[in-house]
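The next block holds one structure in the form of structure tokens; read it before the comments.
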Amino acid sequence: PLTLADESSVRRELDRIAALGYVENLVFIDDTFNVPLARFKALCRVLAEYPFRWYSYFRCSNSDAETAALMAASGCAGVFLGLESGSSTVLGVMNKAAEIEAYHAGIADLRRSGIRTFGSFIFGFPGETEQTIRETLEFIDRAELDWFRVQPWYCEPQTPILAKAAEFELTGTAYRWRHRTMDASQAMDHVESAFLGVTSSAWLPQWAFDFWMFPYLEGRGIQTSQLHPWLRDANRVHRADLRGENGPQRAELIDALVADTESWCWRHAADGRSRDVRGG
């Protein structure tokens, strides 16, 4: 049976971290950190006794306004939301046991409490259609997430949905799959369209600079408030490249991005806080 760390165990671990004297940011990697909710609220009250900023995975369908307020008071700066889809149809096939309106309510509570949100989505899961993709895009626009990313579905050889392969006419594995309503190539095209079309939220890359870079860079003095507009401008440059645009505005954006990056590098190298921000 699953055994959860009790409050005293967590407190002892936090005490040891605090005693190091230099840790500012914590990342909790439990993928169900706020389940059960009562325990999570108790942990937030414990965290409020320490000076840390913290980030975690978070299930916003298992939350309420009190939870978000406790998180903010205890130093939570941002959460990774594995939302997967904005379509109730696809969520049902995924067996996510989550309601779209519960997603929206949870995200709104987080936003009101000043906690930044990153939403992760998948295109192409069995049952995905053009309509369900439109529903996800509409969800992202309405949710007002700080950051988002969409990935094409990866068909793991042992994934439970393979038990229903005949029902969905699913064949193939990895990124070479097809089912009755979509194939991998179409899903990848929809991912690119989402990157090009969604501007209400800033896209985060999957590799090299993802959500977990924020606590890393904050620990070196680069604030998320600085990175957010930088990311939006970087997205604009990438969109221009994909569209084949090479005008003066693109060149100006690149110059500004390079200038900001060099400024951060030199400043943090000078004060001894950056080991290799360029590499980050």
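We name chains A, B, ... following the order of the structure tokens; residues begin at 1 in each chain, and ligands are numbered from 1 as shown.
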
Review point. Do you know which residues are at most 10 Å from stretch 206-213 of chain A counting only C-alpha atoms, after dropping those on the same chain fewer than 2 positions away, and could you put them as a list of chain:residue names?
Key: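 Here the qualifying residues turn out to be A:Val27, A:Tyr55, A:Ser56, A:Gly78, A:Val79, A:Phe80, A:Thr117, A:Phe118, A:Gly119, A:Ser120, A:Trp147, A:Phe148, A:Arg149, A:Val150, A:Gln151, A:Trp203, A:Leu204, A:Pro215, A:Tyr216, A:Leu217, A:Glu218, A:Gly219, A:Thr224, A:Leu231, A:Gly279, A:Gly280.
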
Now that the selection is made, can you save its residues with N, CA and C atoms as a CSV table (one decimal), in the first residue's frame?
```csv
chain,number,residue,atom,x,y,z
A,27,VAL,N,11.4,22.3,-5.4
A,27,VAL,CA,10.6,21.7,-6.4
A,27,VAL,C,10.1,20.4,-5.9
A,55,TYR,N,7.7,25.2,-6.2
A,55,TYR,CA,7.0,24.8,-7.4
A,55,TYR,C,6.6,23.3,-7.3
A,56,SER,N,5.6,22.9,-8.0
A,56,SER,CA,5.1,21.5,-7.9
A,56,SER,C,4.2,21.2,-9.1
A,78,GLY,N,4.6,28.7,-8.7
A,78,GLY,CA,4.1,28.2,-9.9
A,78,GLY,C,3.8,26.8,-9.9
A,79,VAL,N,2.9,26.3,-10.7
A,79,VAL,CA,2.5,24.9,-10.8
A,79,VAL,C,2.5,24.4,-12.2
A,80,PHE,N,2.8,23.1,-12.3
A,80,PHE,CA,2.7,22.4,-13.6
A,80,PHE,C,1.4,21.6,-13.6
A,117,THR,N,0.9,29.6,-13.8
A,117,THR,CA,0.4,28.3,-14.2
A,117,THR,C,1.0,27.9,-15.6
A,118,PHE,N,1.4,26.6,-15.6
A,118,PHE,CA,1.8,26.0,-16.9
A,118,PHE,C,0.9,24.8,-17.2
A,119,GLY,N,0.2,24.9,-18.4
A,119,GLY,CA,-0.7,23.8,-18.8
A,119,GLY,C,0.0,22.9,-19.8
A,120,SER,N,0.0,21.6,-19.6
A,120,SER,CA,0.6,20.7,-20.6
A,120,SER,C,-0.6,19.9,-21.2
A,147,TRP,N,1.7,29.9,-19.2
A,147,TRP,CA,2.4,29.2,-20.2
A,147,TRP,C,1.7,27.9,-20.6
A,148,PHE,N,1.9,27.4,-21.8
A,148,PHE,CA,1.3,26.2,-22.2
A,148,PHE,C,2.3,25.5,-23.1
A,149,ARG,N,2.0,24.2,-23.4
A,149,ARG,CA,2.6,23.4,-24.4
A,149,ARG,C,1.7,22.3,-24.8
A,150,VAL,N,1.8,22.0,-26.1
A,150,VAL,CA,1.0,20.8,-26.6
A,150,VAL,C,2.0,19.9,-27.3
A,151,GLN,N,1.9,18.6,-27.0
A,151,GLN,CA,2.7,17.6,-27.5
A,151,GLN,C,1.9,16.6,-28.3
A,203,TRP,N,4.1,30.0,-25.1
A,203,TRP,CA,4.5,28.6,-25.3
A,203,TRP,C,5.9,28.3,-24.6
A,204,LEU,N,6.0,27.2,-23.9
A,204,LEU,CA,7.2,26.7,-23.3
A,204,LEU,C,7.8,25.6,-24.1
A,215,PRO,N,12.5,27.9,-11.4
A,215,PRO,CA,13.2,27.9,-10.1
A,215,PRO,C,14.7,27.9,-10.2
A,216,TYR,N,15.2,27.3,-11.3
A,216,TYR,CA,16.7,27.2,-11.5
A,216,TYR,C,17.2,28.7,-11.7
A,217,LEU,N,16.5,29.4,-12.6
A,217,LEU,CA,17.0,30.7,-13.0
A,217,LEU,C,16.7,31.7,-11.9
A,218,GLU,N,15.5,31.6,-11.2
A,218,GLU,CA,15.2,32.4,-10.0
A,218,GLU,C,16.3,32.3,-9.0
A,219,GLY,N,16.8,31.1,-8.8
A,219,GLY,CA,17.9,30.9,-7.8
A,219,GLY,C,19.2,31.6,-8.2
A,224,THR,N,11.0,35.6,-12.8
A,224,THR,CA,10.0,35.2,-13.8
A,224,THR,C,9.4,36.3,-14.5
A,231,LEU,N,10.1,35.3,-23.2
A,231,LEU,CA,9.6,34.1,-23.9
A,231,LEU,C,8.6,34.5,-24.9
A,279,GLY,N,24.5,28.5,-20.6
A,279,GLY,CA,24.2,27.1,-20.9
A,279,GLY,C,22.8,26.8,-20.4
A,280,GLY,N,22.2,27.5,-19.5
A,280,GLY,CA,20.8,27.2,-19.0
A,280,GLY,C,19.8,27.6,-20.0
```

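On the backbone of this structure, DSSP gives alpha helix (DSSP H) within stretch 57-127 of chain A to Ala65, Glu66, Thr67, Ala68, Ala69, Leu70, Met71, Ala72, Ala73, Ser88, Thr89, Val90, Leu91, Gly92, Val93, Met94, Ile100, Glu101, Ala102, Tyr103, His104, Ala105, Gly106, Ile107, Ala108, Asp109, Leu110, Arg111 and Arg112 of chain A.
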
How about saving the chosen residues, N, CA, C and O atoms kept, as a compact mmCIF listing (two decimals), in the first residue's frame?
```txt
# COMPACT_ATOMS: atom_id res chain seq x y z
N ALA A 65 -10.66 27.40 -3.44
CA ALA A 65 -10.09 28.74 -3.23
C ALA A 65 -9.19 28.78 -2.00
O ALA A 65 -8.15 29.45 -1.99
N GLU A 66 -9.56 28.06 -0.93
CA GLU A 66 -8.73 28.03 0.27
C GLU A 66 -7.36 27.42 -0.03
O GLU A 66 -6.34 27.90 0.47
N THR A 67 -7.35 26.38 -0.85
CA THR A 67 -6.09 25.74 -1.21
C THR A 67 -5.16 26.72 -1.89
O THR A 67 -3.98 26.83 -1.54
N ALA A 68 -5.67 27.45 -2.88
CA ALA A 68 -4.83 28.40 -3.60
C ALA A 68 -4.30 29.48 -2.68
O ALA A 68 -3.14 29.89 -2.78
N ALA A 69 -5.14 29.95 -1.76
CA ALA A 69 -4.70 30.99 -0.81
C ALA A 69 -3.60 30.45 0.11
O ALA A 69 -2.61 31.14 0.38
N LEU A 70 -3.75 29.21 0.57
CA LEU A 70 -2.72 28.61 1.43
C LEU A 70 -1.41 28.41 0.66
O LEU A 70 -0.33 28.62 1.20
N MET A 71 -1.53 28.01 -0.60
CA MET A 71 -0.33 27.83 -1.43
C MET A 71 0.43 29.14 -1.57
O MET A 71 1.65 29.19 -1.41
N ALA A 72 -0.30 30.20 -1.89
CA ALA A 72 0.34 31.50 -2.07
C ALA A 72 1.00 31.97 -0.76
O ALA A 72 2.14 32.46 -0.76
N ALA A 73 0.31 31.78 0.36
CA ALA A 73 0.85 32.21 1.65
C ALA A 73 2.08 31.41 2.05
O ALA A 73 2.92 31.89 2.81
N SER A 88 -13.95 17.37 -22.81
CA SER A 88 -14.48 16.37 -21.88
C SER A 88 -14.53 14.99 -22.52
O SER A 88 -14.37 13.97 -21.83
N THR A 89 -14.71 14.95 -23.84
CA THR A 89 -14.73 13.66 -24.54
C THR A 89 -13.40 12.95 -24.41
O THR A 89 -13.33 11.76 -24.04
N VAL A 90 -12.31 13.66 -24.69
CA VAL A 90 -10.98 13.05 -24.62
C VAL A 90 -10.61 12.74 -23.18
O VAL A 90 -10.02 11.67 -22.90
N LEU A 91 -10.93 13.62 -22.25
CA LEU A 91 -10.63 13.35 -20.84
C LEU A 91 -11.33 12.08 -20.38
O LEU A 91 -10.79 11.31 -19.58
N GLY A 92 -12.54 11.84 -20.90
CA GLY A 92 -13.25 10.62 -20.55
C GLY A 92 -12.54 9.38 -21.05
O GLY A 92 -12.41 8.39 -20.33
N VAL A 93 -12.05 9.43 -22.28
CA VAL A 93 -11.31 8.29 -22.84
C VAL A 93 -10.02 8.07 -22.05
O VAL A 93 -9.59 6.93 -21.81
N MET A 94 -9.39 9.16 -21.63
CA MET A 94 -8.15 9.06 -20.85
C MET A 94 -8.39 8.57 -19.42
O MET A 94 -7.43 8.27 -18.70
N ILE A 100 -14.13 19.76 -17.02
CA ILE A 100 -13.59 20.98 -17.62
C ILE A 100 -13.84 22.20 -16.72
O ILE A 100 -12.94 23.02 -16.51
N GLU A 101 -15.04 22.32 -16.20
CA GLU A 101 -15.33 23.49 -15.35
C GLU A 101 -14.54 23.46 -14.05
O GLU A 101 -14.19 24.51 -13.51
N ALA A 102 -14.22 22.26 -13.55
CA ALA A 102 -13.36 22.17 -12.36
C ALA A 102 -11.95 22.64 -12.71
O ALA A 102 -11.28 23.30 -11.89
N TYR A 103 -11.47 22.31 -13.91
CA TYR A 103 -10.19 22.84 -14.39
C TYR A 103 -10.21 24.37 -14.36
O TYR A 103 -9.30 25.01 -13.82
N HIS A 104 -11.24 24.94 -14.98
CA HIS A 104 -11.31 26.40 -15.06
C HIS A 104 -11.36 27.04 -13.67
O HIS A 104 -10.69 28.04 -13.41
N ALA A 105 -12.16 26.46 -12.78
CA ALA A 105 -12.28 27.02 -11.43
C ALA A 105 -10.94 26.96 -10.70
O ALA A 105 -10.53 27.93 -10.05
N GLY A 106 -10.26 25.84 -10.81
CA GLY A 106 -8.97 25.70 -10.13
C GLY A 106 -7.94 26.66 -10.66
O GLY A 106 -7.18 27.27 -9.89
N ILE A 107 -7.88 26.82 -12.00
CA ILE A 107 -6.92 27.75 -12.60
C ILE A 107 -7.24 29.18 -12.20
O ILE A 107 -6.34 29.97 -11.90
N ALA A 108 -8.53 29.54 -12.16
CA ALA A 108 -8.92 30.89 -11.76
C ALA A 108 -8.50 31.18 -10.32
O ALA A 108 -8.03 32.28 -10.00
N ASP A 109 -8.68 30.19 -9.43
CA ASP A 109 -8.25 30.37 -8.04
C ASP A 109 -6.75 30.60 -7.95
O ASP A 109 -6.28 31.47 -7.20
N LEU A 110 -5.98 29.83 -8.70
CA LEU A 110 -4.53 29.99 -8.71
C LEU A 110 -4.15 31.37 -9.23
O LEU A 110 -3.28 32.05 -8.66
N ARG A 111 -4.79 31.80 -10.30
CA ARG A 111 -4.47 33.10 -10.89
C ARG A 111 -4.78 34.23 -9.90
O ARG A 111 -4.00 35.17 -9.75
N ARG A 112 -5.94 34.15 -9.24
CA ARG A 112 -6.30 35.19 -8.26
C ARG A 112 -5.31 35.23 -7.10
O ARG A 112 -5.11 36.29 -6.49
```

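Of note, atom CA of A:Ile17 and atom CA of A:Gly75 are spaced 15.3 Å apart.
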
**Study point:** Per-residue DSSP, stretch 65-130 of chain A, filtered to strand (DSSP E or B), as a PyMOL selection string
**Key:** chain A and resi 76-84+116-123

Can you write out the residues you just picked, keeping N, CA, C and O atoms, as a compact mmCIF listing (two decimals), in the first residue's frame?
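again.txt, written as the output of this step:
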```txt
# COMPACT_ATOMS: atom_id res chain seq x y z
N CYS A 76 4.26 29.32 -2.71
CA CYS A 76 4.15 28.70 -4.03
C CYS A 76 4.22 29.76 -5.12
O CYS A 76 3.47 30.74 -5.11
N ALA A 77 5.13 29.56 -6.06
CA ALA A 77 5.32 30.53 -7.14
C ALA A 77 4.73 30.05 -8.46
O ALA A 77 4.37 30.87 -9.31
N GLY A 78 4.64 28.73 -8.66
CA GLY A 78 4.13 28.23 -9.93
C GLY A 78 3.84 26.75 -9.87
O GLY A 78 4.43 26.03 -9.06
N VAL A 79 2.94 26.31 -10.75
CA VAL A 79 2.55 24.90 -10.76
C VAL A 79 2.49 24.37 -12.19
O VAL A 79 2.15 25.09 -13.13
N PHE A 80 2.82 23.09 -12.32
CA PHE A 80 2.74 22.35 -13.57
C PHE A 80 1.41 21.61 -13.57
O PHE A 80 1.15 20.76 -12.72
N LEU A 81 0.56 21.93 -14.54
CA LEU A 81 -0.77 21.33 -14.64
C LEU A 81 -0.81 20.34 -15.80
O LEU A 81 -0.75 20.74 -16.96
N GLY A 82 -0.89 19.06 -15.48
CA GLY A 82 -1.00 18.05 -16.52
C GLY A 82 -2.44 17.92 -16.96
O GLY A 82 -3.12 16.91 -16.67
N LEU A 83 -2.93 18.91 -17.68
CA LEU A 83 -4.35 18.97 -18.05
C LEU A 83 -4.69 17.98 -19.16
O LEU A 83 -5.79 17.45 -19.22
N GLU A 84 -3.77 17.80 -20.09
CA GLU A 84 -3.84 16.84 -21.20
C GLU A 84 -4.82 17.24 -22.30
O GLU A 84 -4.51 17.13 -23.48
N ARG A 116 1.62 31.33 -10.73
CA ARG A 116 1.73 31.15 -12.18
C ARG A 116 1.42 29.71 -12.57
O ARG A 116 1.71 28.78 -11.82
N THR A 117 0.85 29.57 -13.77
CA THR A 117 0.38 28.27 -14.21
C THR A 117 0.95 27.89 -15.56
O THR A 117 1.02 28.70 -16.48
N PHE A 118 1.36 26.61 -15.65
CA PHE A 118 1.81 26.04 -16.92
C PHE A 118 0.91 24.84 -17.23
O PHE A 118 0.83 23.90 -16.44
N GLY A 119 0.23 24.89 -18.38
CA GLY A 119 -0.66 23.81 -18.77
C GLY A 119 -0.03 22.94 -19.84
O GLY A 119 0.41 23.44 -20.88
N SER A 120 0.01 21.64 -19.60
CA SER A 120 0.56 20.68 -20.55
C SER A 120 -0.59 19.91 -21.22
O SER A 120 -1.47 19.38 -20.52
N PHE A 121 -0.56 19.83 -22.56
CA PHE A 121 -1.64 19.20 -23.31
C PHE A 121 -1.09 18.19 -24.31
O PHE A 121 0.08 18.25 -24.70
N ILE A 122 -1.96 17.28 -24.73
CA ILE A 122 -1.62 16.25 -25.71
C ILE A 122 -2.64 16.30 -26.84
O ILE A 122 -3.84 16.41 -26.60
N PHE A 123 -2.16 16.23 -28.07
CA PHE A 123 -3.03 16.09 -29.23
C PHE A 123 -2.88 14.69 -29.83
O PHE A 123 -1.75 14.21 -30.00
```
